[in-house]
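> Below is input16.txt; it holds compact mmCIF, C-alpha atoms.
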```
# COMPACT_ATOMS: atom_id res chain seq x y z
CA MET A 282 155.63 103.85 52.31
CA SER A 283 155.09 104.36 48.57
CA ALA A 284 155.20 100.73 47.48
CA SER A 285 152.61 99.20 45.18
CA PHE A 286 150.54 96.20 46.31
CA LEU A 287 148.42 93.95 44.10
CA ILE A 288 145.85 92.02 46.17
CA THR A 289 144.13 89.11 44.45
CA GLY A 290 140.81 88.08 45.92
CA ASN A 291 140.37 91.49 47.52
CA LEU A 292 136.55 91.29 47.38
CA GLY A 293 136.43 88.26 49.64
CA TYR A 294 136.21 87.74 53.39
CA VAL A 295 139.90 88.36 54.15
CA GLY A 296 140.54 90.90 51.40
CA SER A 297 137.73 93.15 52.64
CA VAL A 298 139.56 93.46 55.97
CA LEU A 299 143.06 93.58 54.48
CA VAL A 300 142.44 96.55 52.17
CA PRO A 301 141.44 98.98 54.97
CA TRP A 302 144.27 97.57 57.09
CA LEU A 303 146.91 98.28 54.43
CA ARG A 304 145.47 101.70 53.63
CA ALA A 305 145.69 102.67 57.31
CA ARG A 306 149.27 101.37 57.62
CA PHE A 307 150.53 102.70 54.28
CA PRO A 308 148.46 105.77 53.35
CA HIS A 309 150.72 106.64 50.41
CA ALA A 310 151.01 103.13 48.95
CA LYS A 311 149.34 102.20 45.69
CA LEU A 312 146.74 99.50 46.33
CA ILE A 313 145.34 97.50 43.41
CA GLY A 314 142.60 94.92 43.79
CA TYR A 315 142.11 92.00 41.40
CA ASP A 316 139.03 89.83 41.84
CA THR A 317 136.58 87.85 39.73
CA GLY A 318 133.63 89.14 41.76
CA TRP A 319 132.08 85.88 43.01
CA PHE A 320 131.30 87.38 46.42
CA ALA A 321 131.43 91.10 45.71
CA SER A 322 127.70 91.54 46.38
CA ALA A 323 127.92 89.85 49.79
CA HIS A 324 128.57 93.11 51.62
CA THR A 325 127.52 92.74 55.26
CA SER A 326 128.50 96.08 56.73
CA SER A 327 126.82 99.46 56.87
CA GLY A 328 130.23 101.08 56.52
CA ARG A 329 132.24 102.14 53.51
CA MET A 330 132.87 99.57 50.80
CA PRO A 331 136.49 98.47 51.34
CA GLU A 332 137.39 98.65 47.66
CA THR A 333 136.76 102.41 47.63
CA LEU A 334 140.08 102.66 49.49
CA LEU A 335 141.93 101.19 46.52
CA ASP A 336 143.68 103.15 43.83
CA GLN A 337 142.38 100.67 41.25
CA GLN A 338 139.95 97.75 41.16
CA ILE A 339 140.39 95.20 38.38
CA TYR A 340 137.76 92.53 37.72
CA GLY A 341 139.25 89.35 36.33
CA ASP A 342 139.78 85.65 36.88
CA VAL A 343 143.15 84.92 38.49
CA ARG A 344 143.71 82.31 35.78
CA ALA A 345 143.76 85.15 33.27
CA LEU A 346 146.13 87.49 35.11
CA THR A 347 149.01 88.68 32.91
CA ALA A 348 152.38 90.38 33.25
CA ALA A 349 150.73 93.67 32.31
CA HIS A 350 148.81 93.59 35.58
CA LEU A 351 152.11 93.39 37.48
CA ARG A 352 153.79 96.38 35.89
CA GLY A 353 155.17 98.58 38.68
CA VAL A 354 153.95 96.24 41.44
CA ASP A 355 156.30 95.64 44.38
CA CYS A 356 154.27 93.09 46.34
CA VAL A 357 151.67 90.53 45.31
CA ILE A 358 149.34 89.37 48.08
CA HIS A 359 147.65 86.28 46.74
CA LEU A 360 144.36 85.55 48.49
CA ALA A 361 142.28 84.43 45.50
CA ALA A 362 141.31 80.78 45.86
CA VAL A 363 138.57 78.21 46.00
CA SER A 364 138.17 78.80 49.66
CA ASN A 365 137.12 75.70 51.57
CA ASP A 366 136.66 71.93 51.66
CA PRO A 367 132.99 71.74 50.53
CA ILE A 368 133.67 73.84 47.42
CA GLY A 369 136.85 71.90 46.75
CA HIS A 370 134.94 68.62 46.99
CA GLN A 371 132.34 69.72 44.42
CA PHE A 372 134.79 71.51 42.11
CA GLU A 373 137.95 69.45 42.44
CA ALA A 374 139.43 70.22 39.02
CA ALA A 375 138.76 73.95 39.35
CA THR A 376 140.27 73.90 42.83
CA ALA A 377 143.54 72.49 41.48
CA ALA A 378 143.52 74.90 38.53
CA ILE A 379 142.87 78.00 40.65
CA ASN A 380 144.63 77.21 43.92
CA CYS A 381 147.71 75.52 42.49
CA ASP A 382 148.22 76.07 38.76
CA ALA A 383 147.17 79.74 38.76
CA THR A 384 149.20 80.39 41.91
CA THR A 385 152.33 78.94 40.30
CA ALA A 386 151.74 80.90 37.10
CA LEU A 387 151.21 84.13 39.03
CA ALA A 388 154.31 83.64 41.18
CA THR A 389 156.37 82.92 38.05
CA LEU A 390 155.07 86.08 36.37
CA ALA A 391 155.80 88.06 39.53
CA ALA A 392 159.37 86.76 39.73
CA ASP A 393 159.94 87.74 36.10
CA SER A 394 158.29 91.17 36.45
CA GLY A 395 160.41 92.76 39.16
CA VAL A 396 158.02 92.07 42.05
CA THR A 397 160.03 91.86 45.30
CA HIS A 398 157.53 90.11 47.63
CA PHE A 399 155.02 87.34 46.97
CA VAL A 400 152.68 86.50 49.84
CA PHE A 401 150.72 83.26 49.51
CA ALA A 402 147.73 82.57 51.75
CA SER A 403 148.18 78.90 52.60
CA SER A 404 146.50 76.93 55.39
CA CYS A 405 147.14 74.79 58.45
CA SER A 406 144.73 72.32 56.85
CA VAL A 407 147.81 70.94 55.05
CA TYR A 408 148.42 68.91 58.23
CA GLY A 409 145.09 67.11 57.85
CA ALA A 410 144.94 64.56 60.63
CA SER A 411 147.75 64.34 63.12
CA SER A 412 148.26 62.44 66.36
CA GLU A 413 151.45 64.36 67.08
CA GLY A 414 151.73 67.23 69.52
CA GLU A 415 152.07 70.72 68.12
CA ILE A 416 153.21 70.36 64.52
CA PRO A 417 156.09 72.53 63.25
CA GLU A 418 156.40 73.60 59.66
CA GLU A 419 158.69 70.65 58.93
CA GLY A 420 156.13 68.20 60.32
CA GLU A 421 154.34 65.63 58.21
CA LEU A 422 151.82 66.98 55.74
CA ASN A 423 148.67 64.91 55.49
CA PRO A 424 146.14 66.89 53.42
CA LEU A 425 142.72 65.24 53.41
CA SER A 426 140.78 67.45 51.00
CA ALA A 427 141.16 68.84 47.50
CA TYR A 428 141.53 72.28 49.06
CA ALA A 429 144.35 71.22 51.38
CA LYS A 430 146.09 69.21 48.65
CA SER A 431 146.02 72.25 46.36
CA LYS A 432 147.72 74.35 49.03
CA VAL A 433 150.47 71.76 49.53
CA ALA A 434 151.07 71.52 45.78
CA ALA A 435 151.18 75.30 45.38
CA GLU A 436 153.67 75.70 48.23
CA ARG A 437 155.98 73.15 46.66
CA GLN A 438 155.83 74.78 43.25
CA ILE A 439 156.42 78.38 44.32
CA ALA A 440 159.24 77.68 46.80
CA PRO A 441 161.95 77.21 44.12
CA LEU A 442 161.10 80.61 42.62
CA ALA A 443 162.35 82.49 45.69
CA ARG A 444 165.65 84.37 45.47
CA HIS A 445 167.39 87.31 47.12
CA ASP A 446 165.36 89.88 45.13
CA PHE A 447 162.05 87.92 45.20
CA ARG A 448 160.95 86.94 48.69
CA VAL A 449 158.21 84.32 48.83
CA THR A 450 156.21 83.78 52.03
CA ALA A 451 153.69 80.97 52.50
CA LEU A 452 151.45 81.81 55.45
CA ARG A 453 149.81 78.68 56.84
CA PHE A 454 146.85 80.29 58.54
CA GLY A 455 144.66 78.70 61.16
CA THR A 456 140.91 78.68 60.51
CA ALA A 457 139.78 82.26 59.96
CA CYS A 458 137.15 83.85 62.17
CA GLY A 459 135.74 87.22 63.09
CA PHE A 460 133.61 89.92 61.53
CA SER A 461 134.36 91.21 58.04
CA PRO A 462 132.58 93.64 55.70
CA ARG A 463 132.02 90.52 53.58
CA LEU A 464 131.18 87.98 56.23
CA ARG A 465 131.38 84.23 55.73
CA LEU A 466 129.27 81.89 57.84
CA ASP A 467 130.92 78.67 56.64
CA LEU A 468 133.75 79.09 59.16
CA VAL A 469 133.35 77.31 62.47
CA VAL A 470 133.40 80.25 64.90
CA ASN A 471 131.25 82.43 62.63
CA ASP A 472 128.84 79.53 62.07
CA PHE A 473 128.40 78.90 65.79
CA VAL A 474 127.85 82.56 66.62
CA ALA A 475 125.39 82.98 63.73
CA GLY A 476 123.33 80.06 65.02
CA ALA A 477 123.30 81.44 68.54
CA VAL A 478 122.28 84.93 67.43
CA ALA A 479 119.70 83.84 64.84
CA SER A 480 117.87 81.16 66.79
CA GLY A 481 119.33 80.81 70.26
CA ALA A 482 120.63 77.37 69.31
CA LEU A 483 124.04 76.16 68.29
CA SER A 484 124.22 72.93 66.30
CA LEU A 485 127.32 70.78 66.13
CA LEU A 486 127.68 68.77 62.94
CA SER A 487 130.25 66.38 64.42
CA ALA A 488 131.33 64.95 67.75
CA GLY A 489 133.45 68.05 68.24
CA THR A 490 136.58 66.18 69.30
CA ALA A 491 138.80 67.67 66.58
CA TRP A 492 141.34 70.37 67.38
CA ARG A 493 141.46 73.59 65.37
CA PRO A 494 143.86 76.51 65.40
CA LEU A 495 141.87 79.71 64.91
CA ILE A 496 142.88 83.22 63.86
CA HIS A 497 140.94 86.45 63.71
CA VAL A 498 140.75 87.95 60.23
CA LYS A 499 142.36 91.19 61.45
CA ASP A 500 145.29 89.18 62.80
CA MET A 501 145.56 87.60 59.36
CA ALA A 502 145.90 91.12 57.94
CA ARG A 503 148.57 91.87 60.55
CA ALA A 504 150.58 88.81 59.44
CA ILE A 505 150.17 89.66 55.75
CA GLU A 506 151.55 93.15 56.40
CA TRP A 507 154.66 91.54 57.90
CA ALA A 508 155.06 89.07 55.04
CA GLY A 509 154.70 91.79 52.41
CA THR A 510 157.44 93.94 53.90
CA ARG A 511 159.78 91.48 55.61
CA SER A 512 163.51 91.06 55.06
CA GLY A 513 165.57 87.92 55.58
CA ASP A 514 165.39 84.52 53.89
CA PRO A 515 164.14 84.38 50.30
CA TYR A 516 161.61 81.65 51.16
CA VAL A 517 159.68 81.32 54.40
CA VAL A 518 156.82 78.96 55.21
CA VAL A 519 155.27 79.68 58.57
CA ASN A 520 152.31 78.62 60.70
CA VAL A 521 150.32 81.74 61.59
CA GLY A 522 148.27 81.82 64.77
CA SER A 523 148.72 81.49 68.52
CA ARG A 524 148.47 78.75 71.14
CA PRO A 525 145.57 80.38 73.09
CA MET A 526 143.47 80.25 69.91
CA MET A 527 143.77 76.46 69.57
CA LEU A 528 140.59 74.73 70.78
CA LYS A 529 138.59 71.55 70.45
CA ILE A 530 135.43 72.17 68.47
CA VAL A 531 133.16 71.07 71.33
CA ASP A 532 134.93 73.41 73.75
CA LEU A 533 134.54 76.24 71.26
CA ALA A 534 130.83 75.46 70.98
CA ARG A 535 130.39 75.57 74.75
CA LEU A 536 132.23 78.88 74.94
CA VAL A 537 130.04 80.42 72.22
CA ALA A 538 126.89 79.16 73.99
CA GLU A 539 128.09 80.68 77.25
CA ARG A 540 129.07 84.08 75.86
CA THR A 541 126.05 84.61 73.61
CA GLY A 542 123.64 83.94 76.49
CA GLU A 543 120.74 81.49 76.80
CA THR A 544 121.97 79.51 73.83
CA GLN A 545 121.02 75.85 73.53
CA LEU A 546 123.85 73.54 72.52
CA LEU A 547 122.51 70.84 70.17
CA MET A 548 124.60 67.69 69.78
CA PRO A 549 123.94 65.30 66.87
CA ASP A 550 122.24 61.95 67.67
CA LYS A 551 124.85 60.07 65.70
CA PRO A 552 127.89 62.32 65.70
CA ALA A 553 130.33 61.99 62.84
CA ILE A 554 134.05 62.05 63.52
CA ASP A 555 135.87 64.87 61.77
CA GLY A 556 139.18 63.43 60.59
CA ARG A 557 140.73 66.88 60.26
CA THR A 558 142.37 67.48 63.62
CA TYR A 559 145.67 69.14 64.29
CA LYS A 560 147.54 71.22 66.82
CA VAL A 561 150.13 73.56 65.39
CA ASP A 562 153.43 75.01 66.60
CA PHE A 563 153.51 78.79 66.14
CA SER A 564 156.99 79.39 67.60
CA ARG A 565 158.59 80.21 64.24
CA PHE A 566 156.05 82.96 63.61
CA ALA A 567 156.61 84.34 67.11
CA ARG A 568 160.34 84.45 66.44
CA LEU A 569 160.18 85.94 62.94
CA ALA A 570 157.37 88.46 63.46
CA PRO A 571 157.39 89.58 67.10
CA ASP A 572 155.71 92.89 66.23
CA HIS A 573 152.91 91.26 64.21
CA GLN A 574 151.60 88.65 66.62
CA PRO A 575 147.87 87.89 66.94
CA GLN A 576 146.06 90.25 69.29
CA TRP A 577 142.48 88.96 69.31
CA THR A 578 141.34 86.43 71.91
CA ILE A 579 138.60 83.91 71.20
CA GLU A 580 136.35 85.63 73.76
CA GLU A 581 136.80 89.02 72.06
CA THR A 582 136.16 87.42 68.68
CA ILE A 583 132.89 85.83 69.82
CA ASP A 584 131.69 89.01 71.53
CA ASP A 585 132.52 91.22 68.54
CA LEU A 586 130.81 88.86 66.10
CA THR A 587 127.76 88.71 68.34
CA ALA A 588 127.54 92.49 68.58
CA ASN A 589 127.95 92.98 64.82
CA LEU A 590 125.38 90.35 63.89
CA ARG A 591 122.87 91.81 66.33
CA ALA A 592 123.53 95.30 64.95
CA LEU A 593 122.67 93.91 61.51
CA ASP A 594 119.47 92.44 63.00
CA PHE A 595 120.60 89.01 61.84
CA ARG A 596 117.72 86.58 62.41
CA ASP A 597 117.95 83.95 59.71
CA PRO A 598 117.72 80.49 61.33
CA ALA A 599 118.24 78.95 57.87
CA TYR A 600 121.54 80.77 57.31
CA ARG A 601 123.28 77.51 56.40
CA GLU A 602 121.18 77.53 53.22
CA GLY A 603 121.86 81.21 52.58
CA GLY A 604 124.24 83.23 50.45
CA LEU A 605 126.79 83.83 53.21
CA ILE A 606 127.79 80.19 52.78
CA ARG A 607 130.23 80.36 49.89
CA LEU A 608 129.22 77.09 48.23
CA ASN A 609 125.57 78.20 48.20
CA ALA A 610 126.53 81.44 46.46
CA LEU A 611 128.39 79.58 43.70
CA ARG A 612 125.56 77.09 43.26
CA ARG A 613 123.08 79.92 42.78
CA PHE A 614 125.23 81.48 40.08
CA MET A 615 125.43 78.09 38.38
CA ALA A 616 121.67 77.55 38.63
CA ALA A 617 121.19 80.92 36.94
CA GLY A 618 123.59 79.91 34.15
CA ALA A 619 126.09 82.62 35.11
CA LEU A 620 128.91 80.32 36.23
CA SER A 621 130.31 77.23 34.51
CA ASN A 622 131.38 73.94 36.11
CA ASP A 623 135.00 75.06 35.95
CA LEU A 624 134.03 78.27 37.81
CA TYR A 625 134.40 80.68 34.93
CA TRP A 626 131.75 83.32 34.32
CA THR A 627 129.69 82.35 31.30
CA ASP A 628 129.29 86.07 30.52
CA PRO A 629 132.73 87.73 30.32
CA ARG A 630 131.46 90.99 31.76
CA PRO A 631 131.98 91.64 35.49
CA HIS A 632 129.33 90.28 37.88
CA VAL A 633 129.22 92.45 40.96
```
Can you turn what I pasted into structure tokens?

Amino acid sequence: MSASFLITGNLGYVGSVLVPWLRARFPHAKLIGYDTGWFASAHTSSGRMPETLLDQQIYGDVRALTAAHLRGVDCVIHLAAVSNDPIGHQFEAATAAINCDATTALATLAADSGVTHFVFASSCSVYGASSEGEIPEEGELNPLSAYAKSKVAAERQIAPLARHDFRVTALRFGTACGFSPRLRLDLVVNDFVAGAVASGALSLLSAGTAWRPLIHVKDMARAIEWAGTRSGDPYVVVNVGSRPMMLKIVDLARLVAERTGETQLLMPDKPAIDGRTYKVDFSRFARLAPDHQPQWTIEETIDDLTANLRALDFRDPAYREGGLIRLNALRRFMAAGALSNDLYWTDPRPHV
């Protein structure tokens, strides 16, 4: 395949897995990365830097992306975003500007520039809190955070842009997990395994009664490959994950404690109730993408994370205050005067 892919946010947790994935699947494709560099230095692998597999790396804020960047591009894979609820809570205006406004602007540019596929990384968090059974894509949206609200708004604004020669796919991913060359530890599975490996203790921050759909980061790459090459309807919104990877948080914690060995499970004295709880129906994804279904089990994910963290000699019991928590990384840049409150670099040169 000789298509050209532009991947925004390629220096993040998902992008650092996606780039090698696409290069392996499409050795002759042109791969272009576009990233502002917030987390570029958070490389957690002894292997090759993923971006060396690109044909071109561009450093830039997604809010500044122009039609010139899309010249000759066939598929835009849009990962760049303010990536979770804690960051969205602290930077609510920037979250809306980046996750919604910039997404809409980019999709509009893509539609006008001859791009044929636009893949948007959305989230199952759009369902927020639900007492229903497994929620289909047409189910009620109840976003509880600035992050989730920005994803809902972006979906609604890019959907009308789709047409027969511009396929738009919104992938509502479950909560990401698994090892990446740029690991994040502010994701529930990764957090639990990090605690078990670093200190032999796993701390719940809530009562653990909430349900979460989970998906390995490599299975996210598998789904993105499908979305970037699919045929069919101009616009598709789809829940991406699998029923076996849907667990209650407390059951996940117990499983991590069991598989990591001699791990103490610490429950909070006064457990908070996490309002974000949802089960999700993945039948549409199974029907549309039978050859790109998730392959990783939760047990394999835990074991692989454990092995990789131990290989890195990971022993930081204070990891929740460390740089592999995305909000901490941004706060440190701000404390150094390198990043503004609206999440622009104060120095226009790349920070990598």
> As an exercise, work out the distance from atom CA of A:Arg613 to atom CA of A:Thr333 in Å and give it to one decimal place.
26.8 Å
> So, counting only C-alpha atoms, which residue among A:Ala482, A:Leu292, A:Val498, A:Ala570 is closest to A:Ala534?
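Ranking A:Ala482, A:Leu292, A:Val498, A:Ala570 by distance to A:Ala534, first place goes to A:Ala482.
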> So how far away is atom CA of A:Ser484 from atom CA of A:Pro549, in Å?
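Atom-to-atom, atom CA of A:Pro549 and atom CA of A:Ser484 are spaced 7.7 Å apart.
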> What is the atom CA of A:Asn291 to atom CA of A:Ala362 distance in Å?
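Taking atom CA of A:Asn291 as the start and atom CA of A:Ala362 as the end point, the length is 10.9 Å.
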> Could you please give me, as a list in words, the residues of protein, DNA or RNA lying at most 7 Å from (146.5, 84.6, 61.8) in the coordinate frame of the file, considering all atoms listed in the file?
Phe454, Gly455, Ile496, His497, Val498, Asp500, Met501, Ala504, Val521, Gly522 and Pro575 of chain A
> Between A:Thr450, A:Thr582, A:Thr541, A:Ser411, single out the one closest to A:Ala491, counting only C-alpha atoms.
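Closest residue, counting only C-alpha atoms: A:Ser411.
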> So for stretch 599-604 of chain A, what box centre and size do we get, axis-aligned, 5 Å extra on each of the six sides, every listed atom, Å to one decimal, as AutoDock Vina command-line options?

```
--center_x 121.2 --center_y 80.4 --center_z 54.2 --size_x 16.0 --size_y 15.7 --size_z 17.4
```
> A:Leu346, A:Leu360, A:Ile583, A:Ala502: which is nearest A:Val469, counting all atoms listed in the file?
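Ranked by minimum distance to A:Val469, first place goes to A:Ile583.
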> If we count all atoms listed in the file, what is near A:Leu483 at a cut-off of 8 Å, once residues fewer than 2 positions away on the same chain are taken out, given as a ChimeraX atom specification?
/A:473-474,476-477,481,485,534,538,544-547
> Please provide the set of residues having any atom within 10 Å of stretch 309-315 of chain A, restricted to all atoms listed in the file, with same-chain residues fewer than 2 positions apart removed, written as a compact mmCIF listing (two decimals) with C-alpha atoms, keeping the file's coordinate frame.

```
# COMPACT_ATOMS: atom_id res chain seq x y z
CA MET A 282 155.63 103.85 52.31
CA SER A 283 155.09 104.36 48.57
CA ALA A 284 155.20 100.73 47.48
CA SER A 285 152.61 99.20 45.18
CA PHE A 286 150.54 96.20 46.31
CA LEU A 287 148.42 93.95 44.10
CA ILE A 288 145.85 92.02 46.17
CA THR A 289 144.13 89.11 44.45
CA GLY A 290 140.81 88.08 45.92
CA ASN A 291 140.37 91.49 47.52
CA LEU A 292 136.55 91.29 47.38
CA GLY A 296 140.54 90.90 51.40
CA VAL A 300 142.44 96.55 52.17
CA LEU A 303 146.91 98.28 54.43
CA ARG A 304 145.47 101.70 53.63
CA ALA A 305 145.69 102.67 57.31
CA ARG A 306 149.27 101.37 57.62
CA PHE A 307 150.53 102.70 54.28
CA THR A 317 136.58 87.85 39.73
CA GLY A 318 133.63 89.14 41.76
CA GLU A 332 137.39 98.65 47.66
CA LEU A 334 140.08 102.66 49.49
CA LEU A 335 141.93 101.19 46.52
CA ASP A 336 143.68 103.15 43.83
CA GLN A 337 142.38 100.67 41.25
CA GLN A 338 139.95 97.75 41.16
CA ILE A 339 140.39 95.20 38.38
CA TYR A 340 137.76 92.53 37.72
CA GLY A 341 139.25 89.35 36.33
CA ASP A 342 139.78 85.65 36.88
CA VAL A 343 143.15 84.92 38.49
CA LEU A 346 146.13 87.49 35.11
CA HIS A 350 148.81 93.59 35.58
CA LEU A 351 152.11 93.39 37.48
CA GLY A 353 155.17 98.58 38.68
CA VAL A 354 153.95 96.24 41.44
CA ASP A 355 156.30 95.64 44.38
CA CYS A 356 154.27 93.09 46.34
CA VAL A 357 151.67 90.53 45.31
CA ILE A 358 149.34 89.37 48.08
CA HIS A 359 147.65 86.28 46.74
CA LEU A 360 144.36 85.55 48.49
CA ALA A 361 142.28 84.43 45.50
```
> Please provide the set of residues having any atom within 8 Å of stretch 327-331 of chain A, restricted to all atoms listed in the file, with same-chain residues fewer than 5 positions apart removed, written as a ChimeraX atom specification.
/A:297-298,300-301,462
> Measuring between all atoms listed in the file, which one of A:Arg612, A:Arg503, A:Lys529, A:Arg591 shows the shortest distance to A:Ser487?
A:Lys529
> Do a neighbour search on stretch 394-409 of chain A at 7 Å with all atoms listed in the file, toss out local chain neighbours closer than 4 positions, and write the hits as an MDAnalysis selection string.
chainID A and resid 348 351:352 354:360 388 390 421:425 429:430 432:433 446:455 508:509 520 557:559
> Which residue is closest to A:Pro571? Choose from A:Ala617, A:Asn622, A:Ser523, A:Glu418 and count only C-alpha atoms.
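The closest residue to A:Pro571 is A:Ser523.
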> Name all residues at most 10 Å from A:Arg524 (count all atoms listed in the file; drop same-chain ones fewer than 4 positions away) and give them as a PyMOL selection string.
chain A and resi 415+494-495+528+560-564
> Check the smallest atom-to-atom distance from each of A:Val295, A:Ile554, A:Cys458, A:Ala378 to A:Ser431 using all atoms listed in the file, then report the winner.
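Ranking A:Val295, A:Ile554, A:Cys458, A:Ala378 by distance to A:Ser431, first place goes to A:Ala378.
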